[in-house]
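Trainee: This is the content of final06.cif (mmCIF, C-alpha atoms):
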data_entry
loop_
_atom_site.label_atom_id
_atom_site.label_comp_id
_atom_site.auth_asym_id
_atom_site.auth_seq_id
_atom_site.Cartn_x
_atom_site.Cartn_y
_atom_site.Cartn_z
CA MET A 236 -13.14 51.35 14.70
CA LEU A 237 -14.44 47.80 15.08
CA ASP A 238 -11.97 44.94 15.02
CA TRP A 239 -13.03 42.22 12.53
CA ASP A 240 -11.40 39.62 14.77
CA ASP A 241 -13.77 40.63 17.59
CA LEU A 242 -16.70 40.14 15.21
CA ARG A 243 -15.42 36.67 14.30
CA PHE A 244 -15.45 35.70 17.96
CA PHE A 245 -18.95 37.12 18.39
CA LEU A 246 -20.20 35.18 15.33
CA SER A 247 -18.78 31.89 16.58
CA ILE A 248 -20.16 32.30 20.12
CA ALA A 249 -23.57 33.35 18.79
CA ARG A 250 -23.72 30.33 16.46
CA HIS A 251 -22.61 27.73 18.99
CA GLY A 252 -24.14 29.29 22.10
CA ASN A 253 -21.10 28.63 24.27
CA LEU A 254 -17.48 29.67 24.71
CA ILE A 255 -16.01 26.18 24.73
CA THR A 256 -17.11 25.20 21.21
CA ALA A 257 -16.34 28.67 19.83
CA ALA A 258 -12.84 28.58 21.32
CA LYS A 259 -12.20 25.16 19.77
CA GLU A 260 -13.41 26.34 16.38
CA LEU A 261 -11.17 29.42 16.51
CA ARG A 262 -8.31 27.49 18.12
CA VAL A 263 -7.88 29.78 21.11
CA ALA A 264 -8.32 29.51 24.86
CA GLN A 265 -11.84 29.84 26.27
CA SER A 266 -10.76 32.92 28.22
CA THR A 267 -9.60 34.56 24.98
CA ALA A 268 -13.01 34.02 23.36
CA GLY A 269 -14.74 35.60 26.36
CA ARG A 270 -12.32 38.51 26.41
CA ARG A 271 -12.84 39.27 22.71
CA LEU A 272 -16.61 39.25 23.15
CA ALA A 273 -16.30 41.65 26.09
CA SER A 274 -14.05 43.91 23.99
CA LEU A 275 -16.62 44.11 21.20
CA GLU A 276 -19.47 44.86 23.60
CA ALA A 277 -17.37 47.57 25.29
CA ASN A 278 -16.53 49.21 21.95
CA LEU A 279 -20.19 49.23 20.90
CA GLY A 280 -21.48 50.16 24.36
CA VAL A 281 -24.24 47.53 24.21
CA ARG A 282 -24.76 43.93 25.30
CA LEU A 283 -24.86 41.55 22.34
CA LEU A 284 -25.27 38.19 24.09
CA ASN A 285 -27.08 37.27 27.29
CA ARG A 286 -25.66 34.37 29.27
CA THR A 287 -28.36 31.88 30.35
CA PRO A 288 -28.24 28.41 31.95
CA ASP A 289 -28.65 26.96 28.45
CA GLY A 290 -25.89 29.06 26.90
CA TYR A 291 -25.52 32.44 25.22
CA VAL A 292 -28.61 34.00 23.63
CA VAL A 293 -28.44 36.87 21.13
CA THR A 294 -30.02 40.15 22.29
CA ALA A 295 -32.07 42.47 20.06
CA ALA A 296 -28.99 44.62 19.46
CA GLY A 297 -26.97 41.46 18.90
CA GLU A 298 -29.37 40.34 16.15
CA GLN A 299 -28.63 43.50 14.18
CA VAL A 300 -24.89 43.13 14.65
CA LEU A 301 -25.14 39.44 13.75
CA ARG A 302 -26.81 40.20 10.41
CA GLU A 303 -24.19 42.79 9.48
CA ALA A 304 -21.31 40.59 10.65
CA GLU A 305 -22.58 37.65 8.58
CA ARG A 306 -22.88 39.90 5.52
CA PHE A 307 -19.31 41.07 6.04
CA GLU A 308 -18.12 37.50 6.58
CA THR A 309 -19.78 36.31 3.37
CA GLY A 310 -18.06 39.03 1.36
CA SER A 311 -14.69 38.35 2.95
CA LEU A 312 -14.93 34.61 2.32
CA ALA A 313 -15.99 35.16 -1.29
CA LEU A 314 -12.90 37.32 -1.84
CA GLU A 315 -10.72 34.74 -0.13
CA ARG A 316 -12.12 31.94 -2.30
CA GLU A 317 -11.56 33.96 -5.45
CA VAL A 318 -7.92 34.55 -4.60
CA GLY A 319 -7.34 31.07 -3.20
CA GLY A 320 -8.93 29.45 -6.27
CA ARG A 321 -6.01 30.69 -8.38
CA ASP A 322 -3.48 28.76 -6.32
CA ALA A 323 -1.88 26.25 -8.68
CA ARG A 324 0.48 24.74 -6.12
CA LEU A 325 -0.04 21.14 -5.08
CA ALA A 326 0.69 22.02 -1.48
CA GLY A 327 -1.21 22.98 1.65
CA ALA A 328 -4.08 21.69 3.76
CA VAL A 329 -7.46 20.54 2.45
CA ARG A 330 -10.34 19.97 4.87
CA VAL A 331 -12.64 17.08 4.00
CA THR A 332 -15.87 16.58 5.96
CA CYS A 333 -18.23 13.61 6.10
CA ALA A 334 -20.15 11.38 8.48
CA GLU A 335 -18.19 9.26 10.96
CA GLY A 336 -18.96 6.00 9.18
CA VAL A 337 -17.89 7.42 5.82
CA ALA A 338 -14.61 8.65 7.32
CA SER A 339 -13.78 5.31 8.95
CA HIS A 340 -14.74 2.85 6.25
CA ILE A 341 -14.61 4.75 2.96
CA LEU A 342 -12.44 7.86 3.00
CA SER A 343 -9.63 6.62 5.24
CA PRO A 344 -8.78 3.83 2.74
CA CYS A 345 -9.19 6.25 -0.19
CA LEU A 346 -6.90 8.91 1.26
CA SER A 347 -4.27 6.67 2.86
CA ALA A 348 -1.97 6.84 -0.20
CA MET A 349 -2.47 10.55 -0.88
CA HIS A 350 1.02 11.41 0.37
CA ASP A 351 2.63 9.10 -2.19
CA LYS A 352 1.26 11.19 -5.06
CA HIS A 353 1.27 14.61 -3.42
CA PRO A 354 3.61 14.70 -0.39
CA ASP A 355 3.03 18.43 0.18
CA ILE A 356 -0.75 18.14 0.51
CA MET A 357 -2.10 17.50 4.00
CA VAL A 358 -5.69 16.26 4.28
CA GLU A 359 -7.71 17.14 7.37
CA LEU A 360 -10.45 14.50 7.59
CA ILE A 361 -13.22 15.86 9.80
CA PRO A 362 -16.10 13.51 10.71
CA ASP A 363 -19.11 15.54 11.79
CA GLN A 364 -22.79 14.72 12.25
CA ARG A 365 -23.79 18.09 10.85
CA GLU A 366 -22.92 19.18 7.34
CA LEU A 367 -20.08 21.67 7.69
CA SER A 368 -20.57 24.75 5.53
CA LEU A 369 -18.45 24.87 2.38
CA SER A 370 -19.66 28.42 1.72
CA MET A 371 -18.34 29.55 5.11
CA ARG A 372 -15.04 27.71 4.62
CA GLU A 373 -15.59 25.24 7.44
CA ALA A 374 -14.31 22.69 4.91
CA GLU A 375 -13.23 22.61 1.26
CA VAL A 376 -14.62 19.20 0.26
CA SER A 377 -17.59 17.22 1.53
CA VAL A 378 -18.61 13.62 0.90
CA ARG A 379 -22.33 13.27 1.53
CA LEU A 380 -24.97 10.58 1.30
CA LYS A 381 -27.65 13.09 0.31
CA GLN A 382 -27.67 15.31 -2.76
CA SER A 383 -27.30 19.03 -2.12
CA ASN A 384 -29.21 21.60 -4.15
CA GLN A 385 -27.31 24.73 -3.08
CA HIS A 386 -26.61 26.87 -6.13
CA ASP A 387 -23.06 27.76 -5.09
CA LEU A 388 -21.91 24.13 -4.78
CA VAL A 389 -20.58 21.69 -7.37
CA VAL A 390 -22.13 18.27 -6.71
CA ARG A 391 -21.12 15.00 -8.40
CA LYS A 392 -22.32 11.47 -7.73
CA ILE A 393 -19.26 9.21 -7.44
CA GLY A 394 -20.63 5.96 -6.08
CA ILE A 395 -23.39 3.94 -4.47
CA LEU A 396 -23.48 2.62 -0.91
CA GLY A 397 -25.35 -0.65 -0.49
CA PHE A 398 -27.14 -1.82 2.66
CA GLY A 399 -28.34 -5.12 4.11
CA LEU A 400 -30.44 -6.34 7.02
CA TYR A 401 -28.37 -8.05 9.72
CA ALA A 402 -28.67 -9.78 13.07
CA SER A 403 -26.40 -11.90 15.24
CA PRO A 404 -26.76 -15.71 15.20
CA GLY A 405 -27.39 -15.61 18.95
CA TYR A 406 -30.22 -13.13 18.51
CA LEU A 407 -31.83 -15.26 15.80
CA ASP A 408 -31.56 -18.40 17.95
CA LYS A 409 -33.29 -16.57 20.79
CA ARG A 410 -35.97 -14.74 18.82
CA GLY A 411 -36.59 -17.20 16.00
CA ASP A 412 -37.04 -16.69 12.28
CA LEU A 413 -38.56 -13.49 10.96
CA ASP A 414 -42.15 -13.66 9.78
CA PHE A 415 -42.26 -10.74 7.37
CA GLU A 416 -45.85 -11.45 6.34
CA ALA A 417 -46.96 -11.03 9.94
CA GLY A 418 -44.82 -7.91 10.48
CA SER A 419 -42.06 -9.69 12.48
CA PRO A 420 -43.71 -9.65 15.94
CA GLY A 421 -41.44 -10.39 18.89
CA HIS A 422 -38.37 -8.92 17.20
CA HIS A 423 -36.29 -5.88 18.12
CA ILE A 424 -34.75 -3.20 15.89
CA VAL A 425 -31.53 -1.22 16.27
CA ALA A 426 -32.47 2.05 14.56
CA GLN A 427 -30.16 4.78 13.30
CA LEU A 428 -30.89 8.48 13.55
CA ASP A 429 -28.27 9.68 11.09
CA ASP A 430 -24.67 8.95 10.04
CA LEU A 431 -24.76 6.48 7.13
CA GLN A 432 -28.47 5.73 7.16
CA ASP A 433 -31.17 8.00 5.79
CA SER A 434 -34.97 7.96 5.65
CA ASP A 435 -35.06 5.43 2.76
CA GLN A 436 -33.54 2.63 4.82
CA THR A 437 -35.48 3.62 7.95
CA GLY A 438 -38.79 3.65 6.09
CA TRP A 439 -38.01 0.37 4.36
CA LEU A 440 -37.31 -1.42 7.66
CA ALA A 441 -40.38 0.10 9.34
CA ALA A 442 -42.57 -1.19 6.49
CA LEU A 443 -40.89 -4.60 6.49
CA ALA A 444 -41.21 -5.19 10.23
CA PRO A 445 -44.01 -2.94 11.53
CA ARG A 446 -44.64 -5.13 14.59
CA ALA A 447 -41.00 -5.23 15.70
CA ARG A 448 -40.03 -2.92 18.57
CA ILE A 449 -37.20 -0.40 18.49
CA SER A 450 -34.83 -1.38 21.30
CA LEU A 451 -32.05 1.12 20.57
CA GLN A 452 -31.63 4.30 18.57
CA THR A 453 -28.20 5.74 17.80
CA SER A 454 -26.65 8.41 15.59
CA SER A 455 -23.52 6.25 15.19
CA HIS A 456 -23.34 3.58 12.51
CA GLU A 457 -20.50 1.84 14.35
CA ALA A 458 -22.58 1.75 17.53
CA ALA A 459 -25.42 0.13 15.57
CA VAL A 460 -23.03 -2.52 14.24
CA VAL A 461 -21.72 -3.34 17.73
CA ALA A 462 -25.24 -3.41 19.19
CA ALA A 463 -26.37 -5.85 16.51
CA VAL A 464 -23.31 -8.07 17.08
CA HIS A 465 -24.21 -8.26 20.77
CA GLY A 466 -27.78 -9.34 20.09
CA GLY A 467 -29.49 -5.95 20.19
CA GLY A 468 -31.79 -6.75 17.29
CA LEU A 469 -32.23 -6.34 13.57
CA ALA A 470 -30.12 -3.61 12.02
CA CYS A 471 -30.01 -2.07 8.55
CA LEU A 472 -26.27 -1.61 7.97
CA ALA A 473 -23.83 -0.59 5.24
CA ARG A 474 -22.50 -3.75 3.62
CA VAL A 475 -18.95 -2.37 3.37
CA ARG A 476 -18.82 -2.57 7.17
CA ALA A 477 -21.23 -5.33 8.16
CA ASP A 478 -20.25 -7.96 5.57
CA ARG A 479 -16.83 -8.34 7.20
CA GLU A 480 -18.26 -8.68 10.71
CA ASP A 481 -18.11 -12.35 11.77
CA GLY A 482 -20.71 -11.77 14.47
CA LEU A 483 -23.47 -10.85 12.00
CA THR A 484 -25.64 -12.72 9.54
CA ARG A 485 -27.10 -10.96 6.51
CA LEU A 486 -30.76 -11.88 6.20
CA ALA A 487 -32.76 -12.63 3.09
CA THR A 488 -35.57 -10.09 2.65
CA PRO A 489 -38.66 -9.94 0.40
CA SER A 490 -37.37 -6.74 -1.20
CA PRO A 491 -33.87 -5.30 -1.49
CA VAL A 492 -32.72 -2.69 0.99
CA PRO A 493 -32.61 0.76 -0.68
CA ASP A 494 -29.10 1.94 -1.49
CA THR A 495 -27.73 5.47 -1.10
CA GLY A 496 -25.77 7.64 -3.51
CA ILE A 497 -22.31 8.92 -2.55
CA TRP A 498 -21.94 12.58 -3.50
CA LEU A 499 -18.74 14.62 -3.77
CA VAL A 500 -19.34 18.30 -3.02
CA ALA A 501 -17.15 21.40 -3.28
CA HIS A 502 -17.72 25.14 -3.58
CA LYS A 503 -17.79 26.29 -7.19
CA ASP A 504 -15.19 28.97 -6.48
CA ASN A 505 -12.65 26.26 -5.59
CA ARG A 506 -12.79 24.43 -8.92
CA GLY A 507 -9.51 26.04 -9.99
CA ASN A 508 -7.59 25.15 -6.84
CA ALA A 509 -5.02 22.48 -7.71
CA ARG A 510 -4.67 20.88 -4.27
CA ILE A 511 -8.45 20.66 -3.80
CA ARG A 512 -8.85 19.11 -7.26
CA ALA A 513 -6.13 16.58 -6.40
CA VAL A 514 -7.92 15.53 -3.23
CA MET A 515 -11.25 15.25 -5.04
CA THR A 516 -9.63 13.09 -7.73
CA GLN A 517 -8.09 10.84 -5.07
CA ILE A 518 -11.47 10.39 -3.38
CA THR A 519 -13.28 9.74 -6.66
CA ASP A 520 -10.75 7.18 -7.87
CA GLY A 521 -10.67 5.47 -4.49
CA ILE A 522 -14.44 5.13 -4.23
CA ARG A 523 -14.70 3.81 -7.78
CA THR A 524 -12.04 1.21 -6.98
CA MET A 525 -13.99 0.23 -3.86
CA ALA A 526 -17.30 -0.03 -5.77
CA PRO A 527 -17.60 -3.85 -5.58
CA ARG A 528 -17.31 -3.69 -1.76
CA LEU A 529 -19.41 -0.55 -1.33
CA ASN A 530 -22.35 -1.99 -3.27
CA PRO A 531 -21.93 -5.76 -3.76
CA ALA A 532 -23.93 -7.35 -6.57
CA ASP A 533 -25.03 -10.43 -4.58
#
Would you give me this structure, written as structure tokens?

Mentor:
Amino acid sequence: MLDWDDLRFFLSIARHGNLITAAKELRVAQSTAGRRLASLEANLGVRLLNRTPDGYVVTAAGEQVLREAERFETGSLALEREVGGRDARLAGAVRVTCAEGVASHILSPCLSAMHDKHPDIMVELIPDQRELSLSMREAEVSVRLKQSNQHDLVVRKIGILGFGLYASPGYLDKRGDLDFEAGSPGHHIVAQLDDLQDSDQTGWLAALAPRARISLQTSSHEAAVVAAVHGGGLACLARVRADREDGLTRLATPSPVPDTGIWLVAHKDNRGNARIRAVMTQITDGIRTMAPRLNPAD
């Protein structure tokens, strides 16, 4: 008989392509992850994953096992959510996922006083570039800057994140004023690949300064802030972070920088879970209190 735990290890290794990440996800030693994979392959009498220089690759037999294991996992998690959703106790852990910039400058202030109201609830705040799966129980709550259309998720807009165009005084002294009508030739841009910024801000800046050159691209909003402070170029930044940075100047622009909605997301099966509702309420109230700083009117 197959051991479901062995299948869990196989699923994690197949998804991540390496033992190290799978072991971290499952909170075991790397050798344990490899041993459980070997046990499953021995029980089935077939190789499920081929090890290559780029990581583990699923074999033809592994693809079939992967499909069945994912189906089994989905059913198991659905049952677990149904049972867990009836938990009325305000106690236990709640995983909250978001981008790094959201964790540092929005959720940390919101959740800092959670223990005063609910001392038995422990929040695990997990910044991650990718959107962790709420359906697969990688997290219970997600705060996103893009609306999700998955049918099994409950999505609510709880705020707006405003942006501005910034540069350091030293950079402006060196490069001169921006000539938006001419496309800002001779200027540099610090571009963001992800984190807080999305395609609206990227497209807006590209249209505003088409003749400026990208000098740096980063997936970290904080790295973009620091680069701009040190004269890296023009940067489209969240005002909640950049407005309090003495080394930056917010620039007047012909059109306002597009803002971004802040969306609170949870799996619909968790709506009845008291501790998850409490965390969602704390986040919602905190973001609404922070609204004047998240999206300033001036």

Trainee: Which residues of region 421-495 of chain A have any atom within 12 Å of an atom in region 406-413 of chain A when counting all atoms listed in the file, and what is the closest pair of atoms for each, with the distance in Å to one decimal? Order the rows by chain and rising number and write it as a tab-separated table.

Mentor:
residue	atom	partner	partner_atom	distance
A:Gly421	CA	A:Arg410	CA	7.0
A:His422	CA	A:Arg410	CA	6.5
A:His423	CA	A:Arg410	CA	8.9
A:Ile424	CA	A:Tyr406	CA	11.2
A:Leu443	CA	A:Leu413	CA	10.2
A:Ala444	CA	A:Leu413	CA	8.7
A:Pro445	CA	A:Leu413	CA	11.9
A:Arg446	CA	A:Leu413	CA	11.0
A:Ala447	CA	A:Leu413	CA	9.8
A:Ala462	CA	A:Tyr406	CA	10.9
A:Ala463	CA	A:Tyr406	CA	8.5
A:Val464	CA	A:Tyr406	CA	8.7
A:His465	CA	A:Tyr406	CA	8.1
A:Gly466	CA	A:Tyr406	CA	4.8
A:Gly467	CA	A:Tyr406	CA	7.4
A:Gly468	CA	A:Tyr406	CA	6.7
A:Leu469	CA	A:Tyr406	CA	8.6
A:Ala470	CA	A:Tyr406	CA	11.5
A:Gly482	CA	A:Tyr406	CA	10.4
A:Leu483	CA	A:Tyr406	CA	9.7
A:Thr484	CA	A:Leu407	CA	9.2
A:Arg485	CA	A:Leu407	CA	11.3
A:Leu486	CA	A:Leu413	CA	9.3
A:Ala487	CA	A:Leu413	CA	9.8
A:Thr488	CA	A:Leu413	CA	9.5
A:Pro489	CA	A:Leu413	CA	11.1

Trainee: Keeping only C-alpha atoms, write the selected residues to a file as a PDB file, in the frame of the given file.

Mentor:
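Output contents, as saved in part-v1.pdb:
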ATOM      1  CA  GLY A 421     -41.440 -10.390  18.890  1.00  0.00           C
ATOM      2  CA  HIS A 422     -38.370  -8.920  17.200  1.00  0.00           C
ATOM      3  CA  HIS A 423     -36.290  -5.880  18.120  1.00  0.00           C
ATOM      4  CA  ILE A 424     -34.750  -3.200  15.890  1.00  0.00           C
ATOM      5  CA  LEU A 443     -40.890  -4.600   6.490  1.00  0.00           C
ATOM      6  CA  ALA A 444     -41.210  -5.190  10.230  1.00  0.00           C
ATOM      7  CA  PRO A 445     -44.010  -2.940  11.530  1.00  0.00           C
ATOM      8  CA  ARG A 446     -44.640  -5.130  14.590  1.00  0.00           C
ATOM      9  CA  ALA A 447     -41.000  -5.230  15.700  1.00  0.00           C
ATOM     10  CA  ALA A 462     -25.240  -3.410  19.190  1.00  0.00           C
ATOM     11  CA  ALA A 463     -26.370  -5.850  16.510  1.00  0.00           C
ATOM     12  CA  VAL A 464     -23.310  -8.070  17.080  1.00  0.00           C
ATOM     13  CA  HIS A 465     -24.210  -8.260  20.770  1.00  0.00           C
ATOM     14  CA  GLY A 466     -27.780  -9.340  20.090  1.00  0.00           C
ATOM     15  CA  GLY A 467     -29.490  -5.950  20.190  1.00  0.00           C
ATOM     16  CA  GLY A 468     -31.790  -6.750  17.290  1.00  0.00           C
ATOM     17  CA  LEU A 469     -32.230  -6.340  13.570  1.00  0.00           C
ATOM     18  CA  ALA A 470     -30.120  -3.610  12.020  1.00  0.00           C
ATOM     19  CA  GLY A 482     -20.710 -11.770  14.470  1.00  0.00           C
ATOM     20  CA  LEU A 483     -23.470 -10.850  12.000  1.00  0.00           C
ATOM     21  CA  THR A 484     -25.640 -12.720   9.540  1.00  0.00           C
ATOM     22  CA  ARG A 485     -27.100 -10.960   6.510  1.00  0.00           C
ATOM     23  CA  LEU A 486     -30.760 -11.880   6.200  1.00  0.00           C
ATOM     24  CA  ALA A 487     -32.760 -12.630   3.090  1.00  0.00           C
ATOM     25  CA  THR A 488     -35.570 -10.090   2.650  1.00  0.00           C
ATOM     26  CA  PRO A 489     -38.660  -9.940   0.400  1.00  0.00           C
TER      27      PRO A 489
END

Trainee: Please indicate the distance in Å from CA of Gly496 (chain A) to CA of Glu457 (chain A), rounded to one decimal place.

Mentor: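 Value for the CA of Gly496 (chain A)-CA of Glu457 (chain A) distance: 19.5 Å.
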
Trainee: Between A:Arg479, A:His456, A:His502, A:Arg391, which is the closest to Thr516 (chain A) once you count only C-alpha atoms?

Mentor: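 Comparing A:Arg479, A:His456, A:His502, A:Arg391 against Thr516 (chain A), the winner is A:Arg391.
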
Trainee: Figure out the distance between CA of Pro493 (chain A) and CA of Arg330 (chain A), please, to one decimal in Å.

Mentor: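 Atom-to-atom, CA of Arg330 (chain A) to CA of Pro493 (chain A), that is 29.9 Å.
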
Trainee: Excluding same-chain residues fewer than 6 positions from Leu272 (chain A), what lies within 9 Å of it counting only C-alpha atoms, as a PyMOL selection string?

Mentor: chain A and resi 241-242+244-245+248+283-284

Trainee: Find the spatial neighbours of Val475 (chain A), counting all atoms listed in the file, within a cut-off of 6 Å - ignore same-chain residues fewer than 2 positions away - and output them as a PyMOL selection string.

Mentor: chain A and resi 473+528-529

Trainee: Counting all atoms listed in the file, figure out which residue out of A:Trp439, A:Trp498, A:Phe307, A:Phe415 gets nearest to Ile393 (chain A).

Mentor: A:Trp498

Trainee: Rounded to one decimal, what separation in Å do you get between CA of Leu246 (chain A) and CA of Val300 (chain A)?

Mentor: 9.3 Å

Trainee: Since the input lacks some atoms of region 238-249 of chain A, please model N, CA and C atoms and print them as a JSON list (two decimals), in the coordinates of the input.

Mentor:
[["chain", "number", "residue", "atom", "x", "y", "z"],
["A", 238, "ASP", "N", -12.98, 45.93, 15.38],
["A", 238, "ASP", "CA", -11.97, 44.94, 15.02],
["A", 238, "ASP", "C", -12.68, 43.73, 14.44],
["A", 239, "TRP", "N", -12.37, 43.36, 13.17],
["A", 239, "TRP", "CA", -13.03, 42.22, 12.53],
["A", 239, "TRP", "C", -12.81, 40.94, 13.33],
["A", 240, "ASP", "N", -11.65, 40.80, 13.96],
["A", 240, "ASP", "CA", -11.40, 39.62, 14.77],
["A", 240, "ASP", "C", -12.40, 39.51, 15.91],
["A", 241, "ASP", "N", -12.76, 40.66, 16.52],
["A", 241, "ASP", "CA", -13.77, 40.63, 17.59],
["A", 241, "ASP", "C", -15.11, 40.15, 17.03],
["A", 242, "LEU", "N", -15.44, 40.58, 15.82],
["A", 242, "LEU", "CA", -16.70, 40.14, 15.21],
["A", 242, "LEU", "C", -16.67, 38.64, 14.92],
["A", 243, "ARG", "N", -15.53, 38.11, 14.53],
["A", 243, "ARG", "CA", -15.42, 36.67, 14.30],
["A", 243, "ARG", "C", -15.71, 35.88, 15.57],
["A", 244, "PHE", "N", -15.19, 36.37, 16.68],
["A", 244, "PHE", "CA", -15.45, 35.70, 17.96],
["A", 244, "PHE", "C", -16.93, 35.78, 18.33],
["A", 245, "PHE", "N", -17.53, 36.96, 18.11],
["A", 245, "PHE", "CA", -18.95, 37.12, 18.39],
["A", 245, "PHE", "C", -19.79, 36.17, 17.53],
["A", 246, "LEU", "N", -19.46, 36.07, 16.23],
["A", 246, "LEU", "CA", -20.20, 35.18, 15.33],
["A", 246, "LEU", "C", -20.13, 33.73, 15.81],
["A", 247, "SER", "N", -18.95, 33.28, 16.17],
["A", 247, "SER", "CA", -18.78, 31.89, 16.58],
["A", 247, "SER", "C", -19.54, 31.60, 17.88],
["A", 248, "ILE", "N", -19.45, 32.51, 18.85],
["A", 248, "ILE", "CA", -20.16, 32.30, 20.12],
["A", 248, "ILE", "C", -21.66, 32.32, 19.90],
["A", 249, "ALA", "N", -22.13, 33.26, 19.07],
["A", 249, "ALA", "CA", -23.57, 33.35, 18.79],
["A", 249, "ALA", "C", -24.09, 32.09, 18.10]]
